[in-house]
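Listing of run-v4.cif, mmCIF, C-alpha atoms and all ligand atoms
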```cif
data_my_file
#
loop_
_atom_site.label_atom_id
_atom_site.label_comp_id
_atom_site.auth_asym_id
_atom_site.auth_seq_id
_atom_site.Cartn_x
_atom_site.Cartn_y
_atom_site.Cartn_z
CA MET A 206 -8.98 3.04 -9.88
CA GLU A 207 -8.43 3.32 -13.61
CA LEU A 208 -10.26 5.78 -15.79
CA ILE A 209 -12.56 4.85 -18.66
CA SER A 210 -13.59 7.56 -21.12
CA ILE A 211 -16.96 7.74 -22.82
CA ILE A 212 -17.09 9.64 -26.10
CA ILE A 213 -20.51 10.95 -27.16
CA PRO A 214 -20.93 12.81 -30.46
CA THR A 215 -24.02 14.96 -30.28
CA TYR A 216 -25.97 16.82 -32.89
CA ASN A 217 -29.34 18.18 -31.79
CA GLU A 218 -29.78 15.82 -28.86
CA GLU A 219 -31.04 18.25 -26.20
CA ASP A 220 -33.44 15.74 -24.63
CA ASN A 221 -30.85 12.97 -24.43
CA ILE A 222 -27.88 14.64 -22.70
CA GLN A 223 -29.08 14.29 -19.12
CA LEU A 224 -30.48 10.84 -19.82
CA ILE A 225 -27.32 9.36 -21.31
CA TYR A 226 -25.19 10.75 -18.50
CA GLU A 227 -27.47 9.33 -15.81
CA SER A 228 -27.66 5.91 -17.45
CA VAL A 229 -23.91 5.66 -17.92
CA LYS A 230 -23.32 6.85 -14.37
CA TRP A 231 -25.71 4.20 -13.09
CA GLU A 232 -23.58 1.54 -14.76
CA PHE A 233 -20.29 2.90 -13.44
CA ASP A 234 -21.62 3.11 -9.89
CA ARG A 235 -21.52 -0.68 -10.10
CA LEU A 236 -18.07 -0.96 -11.69
CA ALA A 237 -14.62 -0.61 -10.20
CA TYR A 238 -13.63 2.22 -12.56
CA HIS A 239 -13.87 5.99 -12.72
CA PHE A 240 -15.36 7.40 -15.86
CA GLU A 241 -15.19 10.68 -17.70
CA MET A 242 -17.78 11.62 -20.28
CA ILE A 243 -16.73 13.79 -23.18
CA PHE A 244 -19.41 15.31 -25.39
CA ILE A 245 -18.46 16.49 -28.82
CA ASP A 246 -21.15 18.88 -29.87
CA ASP A 247 -21.26 18.96 -33.64
CA ALA A 248 -22.66 22.52 -33.74
CA SER A 249 -26.18 21.64 -32.66
CA THR A 250 -28.87 24.14 -33.50
CA ASP A 251 -30.99 23.35 -30.45
CA ASN A 252 -30.19 23.56 -26.74
CA THR A 253 -27.77 20.63 -26.69
CA LEU A 254 -24.75 22.75 -25.77
CA GLN A 255 -26.62 24.50 -22.93
CA GLN A 256 -27.70 21.10 -21.63
CA ILE A 257 -24.12 19.89 -21.70
CA LYS A 258 -22.88 23.00 -19.89
CA GLN A 259 -25.53 22.55 -17.26
CA LEU A 260 -24.27 19.02 -16.73
CA VAL A 261 -20.69 20.29 -16.56
CA SER A 262 -21.64 22.71 -13.78
CA LYS A 263 -23.01 19.82 -11.73
CA SER A 264 -20.55 17.02 -12.42
CA THR A 265 -16.77 17.07 -12.32
CA ASN A 266 -16.27 14.25 -14.80
CA VAL A 267 -18.00 15.83 -17.79
CA ARG A 268 -16.02 17.54 -20.49
CA TYR A 269 -17.06 18.92 -23.82
CA ILE A 270 -15.80 20.21 -27.11
CA SER A 271 -18.06 22.18 -29.38
CA PHE A 272 -17.33 22.55 -33.08
CA SER A 273 -17.43 25.78 -35.01
CA ARG A 274 -19.86 24.20 -37.47
CA ASN A 275 -21.32 20.79 -38.25
CA PHE A 276 -18.37 18.60 -39.25
CA GLY A 277 -20.13 15.24 -39.04
CA LYS A 278 -19.96 12.31 -36.67
CA GLU A 279 -16.66 11.03 -38.05
CA SER A 280 -14.90 14.26 -37.12
CA ALA A 281 -16.64 14.29 -33.74
CA MET A 282 -15.37 10.81 -32.94
CA LEU A 283 -11.88 11.78 -34.03
CA ALA A 284 -11.91 14.85 -31.77
CA GLY A 285 -13.09 12.66 -28.92
CA LEU A 286 -10.34 10.10 -29.42
CA GLN A 287 -7.74 12.86 -29.57
CA HIS A 288 -8.81 14.37 -26.27
CA VAL A 289 -9.65 11.50 -23.96
CA GLN A 290 -7.40 10.34 -21.17
CA GLY A 291 -8.88 7.01 -20.15
CA GLU A 292 -7.09 3.67 -20.20
CA ALA A 293 -10.02 2.45 -22.24
CA VAL A 294 -12.45 4.41 -24.40
CA ILE A 295 -16.06 3.69 -25.23
CA ILE A 296 -17.74 5.42 -28.18
CA MET A 297 -21.52 5.71 -27.92
CA ASP A 298 -24.40 7.55 -29.58
CA ALA A 299 -26.32 10.09 -27.55
CA ASP A 300 -29.75 8.75 -28.44
CA LEU A 301 -29.52 5.66 -26.17
CA GLN A 302 -29.61 3.38 -29.19
CA HIS A 303 -26.34 2.07 -27.84
CA PRO A 304 -27.59 0.65 -24.55
CA PRO A 305 -25.45 1.67 -21.56
CA SER A 306 -26.40 -1.68 -20.01
CA LEU A 307 -23.82 -3.19 -22.34
CA ILE A 308 -20.97 -1.26 -20.70
CA PRO A 309 -20.16 -3.97 -18.11
CA ASP A 310 -19.80 -6.54 -20.92
CA LEU A 311 -17.55 -4.23 -22.90
CA VAL A 312 -15.39 -3.57 -19.85
CA LYS A 313 -15.25 -7.28 -19.06
CA GLY A 314 -13.89 -7.99 -22.55
CA TRP A 315 -11.21 -5.35 -22.04
CA GLU A 316 -10.26 -6.87 -18.68
CA ASP A 317 -9.91 -10.19 -20.48
CA GLY A 318 -7.24 -8.58 -22.65
CA TYR A 319 -9.13 -7.61 -25.80
CA ASP A 320 -8.12 -4.37 -27.51
CA GLN A 321 -11.47 -3.89 -29.19
CA VAL A 322 -14.73 -5.04 -27.70
CA ILE A 323 -17.30 -4.51 -30.43
CA ALA A 324 -21.03 -4.22 -29.88
CA ARG A 325 -23.11 -5.83 -32.61
CA ARG A 326 -26.82 -5.23 -32.93
CA ASN A 327 -29.43 -7.27 -34.71
CA ARG A 328 -31.87 -5.42 -36.93
CA SER A 329 -35.12 -6.29 -35.20
CA GLY A 330 -37.85 -3.67 -35.58
CA GLU A 331 -36.26 -2.04 -38.60
CA LYS A 332 -38.04 -1.40 -41.88
CA PRO A 333 -37.65 -4.46 -44.17
CA ILE A 334 -36.36 -2.29 -46.99
CA ARG A 335 -33.54 -0.94 -44.81
CA LYS A 336 -32.74 -4.45 -43.58
CA PHE A 337 -32.56 -5.69 -47.15
CA LEU A 338 -30.44 -2.78 -48.36
CA SER A 339 -27.94 -3.10 -45.53
CA SER A 340 -27.49 -6.82 -45.89
CA ALA A 341 -27.04 -6.42 -49.66
CA TYR A 342 -24.55 -3.62 -49.05
CA TYR A 343 -22.44 -5.69 -46.68
CA ARG A 344 -22.45 -8.64 -49.02
CA ILE A 345 -21.15 -6.48 -51.86
CA ILE A 346 -18.73 -4.35 -49.89
CA ASN A 347 -16.98 -7.34 -48.36
CA LYS A 348 -16.17 -8.51 -51.88
CA VAL A 349 -14.72 -5.13 -52.76
CA VAL A 350 -12.77 -3.87 -49.74
CA ASP A 351 -9.84 -5.50 -47.97
CA VAL A 352 -11.00 -4.96 -44.42
CA LYS A 353 -13.85 -6.98 -43.00
CA LEU A 354 -17.05 -5.03 -42.39
CA GLU A 355 -19.91 -6.69 -40.60
CA ASP A 356 -23.63 -6.00 -40.62
CA GLY A 357 -24.85 -4.58 -37.33
CA VAL A 358 -21.39 -3.49 -36.27
CA GLY A 359 -21.03 0.27 -35.97
CA ASP A 360 -19.05 2.70 -33.92
CA PHE A 361 -20.35 1.45 -30.58
CA ARG A 362 -17.32 -0.25 -29.07
CA LEU A 363 -14.61 -0.16 -26.45
CA LEU A 364 -11.05 0.56 -27.53
CA SER A 365 -7.97 -0.02 -25.41
CA ARG A 366 -5.41 2.77 -25.18
CA ARG A 367 -3.28 0.82 -27.65
CA ALA A 368 -6.14 0.64 -30.14
CA VAL A 369 -6.83 4.38 -29.76
CA HIS A 370 -3.18 5.07 -30.56
CA ALA A 371 -3.41 2.89 -33.62
CA VAL A 372 -6.56 4.59 -34.89
CA LEU A 373 -5.07 8.03 -34.35
CA SER A 374 -1.95 7.06 -36.25
CA LEU A 375 -4.09 6.72 -39.39
CA ASP A 376 -3.78 10.22 -40.64
CA GLU A 377 -6.28 10.27 -43.47
CA GLY A 378 -8.74 13.05 -44.00
CA ALA A 379 -11.85 11.34 -45.33
CA ARG A 380 -12.44 9.02 -42.41
CA PHE A 381 -14.58 5.90 -42.52
CA SER A 382 -14.17 4.76 -38.94
CA LYS A 383 -15.94 1.46 -39.31
CA GLY A 384 -13.24 0.47 -41.76
CA LEU A 385 -10.38 2.06 -39.81
CA PHE A 386 -11.34 0.16 -36.65
CA SER A 387 -11.34 -3.03 -38.66
CA TRP A 388 -8.10 -2.13 -40.40
CA ILE A 389 -6.06 -1.85 -37.20
CA GLY A 390 -6.94 -5.43 -36.27
CA MET A 391 -5.75 -6.42 -32.75
CA ALA A 392 -7.55 -8.80 -30.43
CA GLN A 393 -11.29 -8.32 -30.95
CA LYS A 394 -14.34 -9.62 -29.23
CA ILE A 395 -17.98 -9.19 -30.27
CA VAL A 396 -20.83 -8.58 -27.85
CA ASP A 397 -24.38 -8.87 -29.24
CA TYR A 398 -27.31 -6.67 -28.34
CA GLU A 399 -30.92 -6.14 -29.29
CA ASN A 400 -31.66 -3.19 -31.56
CA VAL A 401 -33.48 -0.38 -29.75
CA PRO A 402 -35.34 2.59 -31.19
CA ARG A 403 -33.92 6.08 -30.66
CA LYS A 404 -35.06 7.69 -27.41
CA ASN A 405 -35.69 11.36 -28.24
CA GLY A 406 -35.22 13.49 -31.33
CA LYS A 407 -34.85 12.07 -34.81
CA THR A 408 -32.21 10.36 -36.90
CA LYS A 409 -29.83 12.49 -38.97
CA TRP A 410 -29.51 9.89 -41.69
CA SER A 411 -31.42 10.35 -44.90
CA LEU A 412 -31.30 7.76 -47.66
CA LEU A 413 -28.94 9.95 -49.64
CA LYS A 414 -26.58 10.35 -46.67
CA LEU A 415 -26.57 6.58 -46.21
CA LEU A 416 -25.78 6.06 -49.90
CA ASN A 417 -22.89 8.52 -49.69
CA TYR A 418 -21.59 6.87 -46.55
CA GLY A 419 -21.78 3.51 -48.28
CA LEU A 420 -19.82 4.83 -51.23
CA ASP A 421 -17.18 6.22 -48.85
CA GLY A 422 -16.79 2.72 -47.47
CA VAL A 423 -16.17 1.27 -50.89
CA VAL A 424 -13.69 3.86 -52.11
CA SER A 425 -11.80 4.42 -48.87
CA PHE A 426 -10.00 1.15 -48.69
CA ASN A 427 -8.49 0.14 -51.99
CA ASN A 428 -8.56 0.71 -55.70
CA ARG A 429 -10.55 -2.36 -56.60
CA PRO A 430 -13.41 -0.33 -58.12
CA LEU A 431 -10.88 1.09 -60.59
CA ARG A 432 -9.84 -2.45 -61.39
CA ILE A 433 -13.44 -3.43 -61.94
CA CYS A 434 -13.81 -0.58 -64.46
CA PHE A 435 -10.68 -1.75 -66.21
CA TYR A 436 -11.87 -5.35 -66.49
CA THR A 437 -15.37 -4.34 -67.57
CA GLY A 438 -13.83 -2.21 -70.30
CA ALA A 439 -11.56 -5.04 -71.38
CA LEU A 440 -14.43 -7.51 -71.46
CA ILE A 441 -16.61 -5.20 -73.56
CA LEU A 442 -13.73 -4.57 -75.94
CA LEU A 443 -13.24 -8.30 -76.38
CA LEU A 444 -16.96 -8.94 -76.96
CA SER A 445 -17.11 -6.07 -79.46
CA ILE A 446 -14.20 -7.46 -81.44
CA ILE A 447 -15.79 -10.89 -81.59
CA TYR A 448 -19.11 -9.37 -82.58
CA SER A 449 -17.52 -7.26 -85.32
CA ILE A 450 -15.80 -10.30 -86.75
CA ILE A 451 -19.11 -12.17 -86.81
CA ILE A 452 -20.84 -9.29 -88.62
CA PHE A 453 -17.94 -8.88 -91.00
CA VAL A 454 -18.06 -12.55 -91.94
CA GLN A 455 -21.83 -12.33 -92.41
CA ILE A 456 -21.39 -9.32 -94.68
CA LEU A 457 -18.83 -11.20 -96.75
CA LEU A 458 -21.22 -14.13 -97.08
CA ASN A 459 -24.60 -12.39 -97.48
CA GLY A 460 -23.92 -8.72 -98.20
CA ILE A 461 -25.42 -5.86 -96.13
CA LYS A 462 -29.10 -6.44 -95.36
CA VAL A 463 -30.34 -5.11 -91.97
CA PRO A 464 -30.19 -1.39 -91.09
CA GLY A 465 -29.16 -2.35 -87.50
CA TYR A 466 -30.90 0.33 -85.44
CA PHE A 467 -31.18 -1.92 -82.41
CA THR A 468 -27.51 -2.86 -82.42
CA ILE A 469 -26.39 0.72 -82.65
CA ILE A 470 -28.67 2.11 -80.00
CA THR A 471 -27.87 -0.61 -77.43
CA ALA A 472 -24.17 -0.37 -78.08
CA VAL A 473 -24.24 3.41 -77.65
CA LEU A 474 -26.33 3.33 -74.49
CA ILE A 475 -24.50 0.53 -72.74
CA LEU A 476 -21.07 1.82 -73.62
CA GLY A 477 -22.05 5.35 -72.64
CA GLY A 478 -23.34 4.10 -69.31
CA ILE A 479 -20.23 2.15 -68.53
CA GLN A 480 -18.00 5.03 -69.53
CA LEU A 481 -19.86 7.46 -67.30
CA LEU A 482 -19.78 5.02 -64.40
CA SER A 483 -16.05 4.46 -64.83
CA LEU A 484 -15.42 8.17 -65.06
CA GLY A 485 -17.41 8.58 -61.87
CA VAL A 486 -15.30 6.01 -60.09
CA ILE A 487 -12.10 7.66 -61.25
CA GLY A 488 -13.53 11.01 -60.21
CA GLU A 489 -14.21 9.67 -56.72
CA TYR A 490 -10.56 8.82 -56.27
CA ILE A 491 -9.32 12.07 -57.74
CA GLY A 492 -11.72 13.96 -55.51
CA ARG A 493 -10.24 12.22 -52.54
CA ILE A 494 -6.71 13.06 -53.60
CA TYR A 495 -7.85 16.67 -53.97
CA TYR A 496 -9.22 16.80 -50.45
CA GLU A 497 -6.28 14.97 -48.91
CA THR A 498 -3.73 17.28 -50.52
CA LYS A 499 -5.44 20.32 -49.01
CA LYS A 500 -4.67 18.96 -45.55
CA ARG A 501 -7.41 20.95 -43.95
CA PRO A 502 -8.14 20.24 -40.30
CA GLN A 503 -10.88 17.71 -39.65
CA TYR A 504 -12.71 20.12 -37.39
CA LEU A 505 -12.39 23.46 -35.65
CA ILE A 506 -13.09 23.87 -31.97
CA GLN A 507 -15.35 26.72 -30.97
CA GLU A 508 -15.36 26.12 -27.27
CA THR A 509 -14.20 23.54 -24.74
CA ASN A 510 -13.63 23.02 -21.05
CA ILE A 511 -10.64 20.80 -21.70
CA ARG A 512 -7.42 22.53 -20.74
CA ASN A 513 -5.20 23.05 -23.80
CA GLY A 514 -8.09 21.68 -25.80
CA GLU A 515 -7.36 24.15 -28.58
CA ASN A 516 -3.86 22.77 -28.98
CA TYR A 517 -5.11 19.75 -30.77
CA GLU A 518 -1.63 18.65 -31.75
CA ARG A 519 -2.63 15.51 -33.61
CA ASN A 520 -5.23 17.34 -35.59
CA ARG A 521 -3.12 18.55 -38.45
N1 LIG A 601 -24.25 12.99 -34.97
C1 LIG A 601 -23.21 13.92 -35.01
N2 LIG A 601 -23.09 14.73 -36.11
C2 LIG A 601 -23.95 14.67 -37.17
C3 LIG A 601 -24.98 13.69 -37.13
C4 LIG A 601 -25.09 12.87 -36.02
O1 LIG A 601 -22.41 14.03 -34.08
O2 LIG A 601 -23.79 15.43 -38.12
C5 LIG A 601 -24.40 12.11 -33.77
C6 LIG A 601 -25.80 12.06 -33.19
O3 LIG A 601 -26.04 13.09 -32.27
C7 LIG A 601 -25.83 10.70 -32.54
C8 LIG A 601 -24.92 9.86 -33.43
O4 LIG A 601 -24.13 10.79 -34.16
O5 LIG A 601 -25.29 10.72 -31.22
C9 LIG A 601 -25.71 8.97 -34.36
O6 LIG A 601 -26.65 9.73 -35.11
P1 LIG A 601 -28.11 9.18 -35.42
O7 LIG A 601 -28.73 8.63 -34.17
O8 LIG A 601 -28.84 10.26 -36.12
O9 LIG A 601 -27.79 8.00 -36.43
P2 LIG A 601 -28.57 6.59 -36.51
O10 LIG A 601 -28.59 6.01 -35.13
O11 LIG A 601 -29.93 6.90 -37.01
O12 LIG A 601 -27.74 5.78 -37.46
MG MG A 602 -29.31 6.80 -33.53
#
```
Structure translated into structure tokens:
Amino acid sequence: MELISIIIPTYNEEDNIQLIYESVKWEFDRLAYHFEMIFIDDASTDNTLQQIKQLVSKSTNVRYISFSRNFGKESAMLAGLQHVQGEAVIIMDADLQHPPSLIPDLVKGWEDGYDQVIARRNRSGEKPIRKFLSSAYYRIINKVVDVKLEDGVGDFRLLSRRAVHAVLSLDEGARFSKGLFSWIGMAQKIVDYENVPRKNGKTKWSLLKLLNYGLDGVVSFNNRPLRICFYTGALILLLSIIYSIIIFVQILLNGIKVPGYFTIITAVLILGGIQLLSLGVIGEYIGRIYYETKKRPQYLIQETNIRNGENYERNR
């Protein structure tokens, strides 16, 4: 029997650990595969790690890595991918928002030869404002980035060994997995599911965090935002030249009449705004270069029950 690995990033999920393990186990009892579950504890401040250890003492197929501090879900997923052994890997959230009942469908897709079987949720039961913002975001981002990002598609998916290799070969520091998964391509299949509310605990996403994540998505994949700044600048320059010529001609014909407060103030404000925005965009890229050149590790392991887990060779 082949092995399938389940990666679960956890941050303050004490009430979900047992639950997610049981539900996944229930599914695998009905499948012709072994599974291992690997928890990446992102330095939880509650009893998550104790819960995981308790599970480890009872089950032989549970492994864990705990981080030295909170490094974020992206780093947790990376650590998971670097340490799993399965022929196929499934990434899931701990809060049961990624229904384990979908596992058979994901596995089926993999058996049919797909390298990525992607779970896609609808947004039923979500706040209208969040629905609106996300759909607007995806409409804009797909115009800006090269990879295709889809609404409702997140990290919940099955990756074949080949796909895991491909993802791990992307050595960048600031990781935006949604985009990386899309970037590697390969044979992909989508499986739809109904959105479900989180089981226990609360979400770790504030509006600000979401905005930052969204910005990461835009800047991680190409330099089109820089282009946009360039073209906006060029357009404004052109308009200004035309406008100056018009005024100049008017002055020649009629002499100077109007003081022009409105013109000056709008020109100053709009230009100032665009300049700041452009500087911000440039700054984003420079900031990224700064972080990438430091080549710091993506995470530090505090504790693990994986043998040689500390020798995370791929984690530069
Ligand atoms: N998570 C993590 N590190 C963090 C924040 C979240 O590992 O810093 C995990 C969390 O435990 C959960 C998953 O990432 O398993 C998704 O988080 P959450 O449910 O808060 O996000 P949402 O479903 O609201 O988008
Ligand atoms: Mg959740």
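With distances taken over only C-alpha atoms and all ligand atoms, A:Thr215 is the one residue among A:Thr215, A:Ser340, A:Gln507, A:Ser280 lying closest to ligand MG 602 (chain A).
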Using only C-alpha atoms, determine which residues lie at most 10 Å from A:Ala368, disregarding the query and same-chain residues fewer than 6 positions distant; provide the list as number ranges by chain. A: 293-294, 319-321, 374, 386, 389-392
Hey, can you spit out that residue selection with C-alpha atoms as a PDB file, keeping the file's coordinate frame?
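Writing the result to result.pdb gives the following:
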```pdb
ATOM      1  CA  ALA A 293     -10.020   2.450 -22.240  1.00  0.00           C
ATOM      2  CA  VAL A 294     -12.450   4.410 -24.400  1.00  0.00           C
ATOM      3  CA  TYR A 319      -9.130  -7.610 -25.800  1.00  0.00           C
ATOM      4  CA  ASP A 320      -8.120  -4.370 -27.510  1.00  0.00           C
ATOM      5  CA  GLN A 321     -11.470  -3.890 -29.190  1.00  0.00           C
ATOM      6  CA  SER A 374      -1.950   7.060 -36.250  1.00  0.00           C
ATOM      7  CA  PHE A 386     -11.340   0.160 -36.650  1.00  0.00           C
ATOM      8  CA  ILE A 389      -6.060  -1.850 -37.200  1.00  0.00           C
ATOM      9  CA  GLY A 390      -6.940  -5.430 -36.270  1.00  0.00           C
ATOM     10  CA  MET A 391      -5.750  -6.420 -32.750  1.00  0.00           C
ATOM     11  CA  ALA A 392      -7.550  -8.800 -30.430  1.00  0.00           C
TER      12      ALA A 392
END
```
So that I can check the surroundings of A:Arg344, please list as a PDB file with C-alpha atoms, in the frame of the given file every protein, DNA and RNA residue that reaches within 10 Å of it, counting all atoms listed in the file and ignoring chain neighbours fewer than 6 positions away.
```pdb
ATOM      1  CA  LEU A 338     -30.440  -2.780 -48.360  1.00  0.00           C
ATOM      2  CA  LEU A 354     -17.050  -5.030 -42.390  1.00  0.00           C
ATOM      3  CA  GLU A 355     -19.910  -6.690 -40.600  1.00  0.00           C
ATOM      4  CA  ASP A 356     -23.630  -6.000 -40.620  1.00  0.00           C
TER       5      ASP A 356
END
```
May I ask which of the residues A:Gln302, A:Ser425, A:Thr265, A:Ser449 is the closest one to ligand MG 602 (chain A), counting all atoms listed in the file? A:Gln302
For ligand MG 602 (chain A), which of A:Glu232, A:Asp298, A:Glu241, A:Glu219 is the closest residue, counting all atoms listed in the file?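 Ranking A:Glu232, A:Asp298, A:Glu241, A:Glu219 by distance to ligand MG 602 (chain A), first place goes to A:Asp298.
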Show me which residues are within 10 Å of ligand LIG 601 (chain A) counting all atoms listed in the file, and format the list as a VMD selection string. chain A and resid 212 to 219 221 to 222 244 to 249 253 272 274 to 282 296 to 303 359 to 361 401 to 411 415
Using all atoms listed in the file, what residues lie at most 12 Å away from (-28.6, -4.9, -44.3) (file coordinates), given as a PyMOL selection string? chain A and resi 326-329+331-346+354-358+415+419
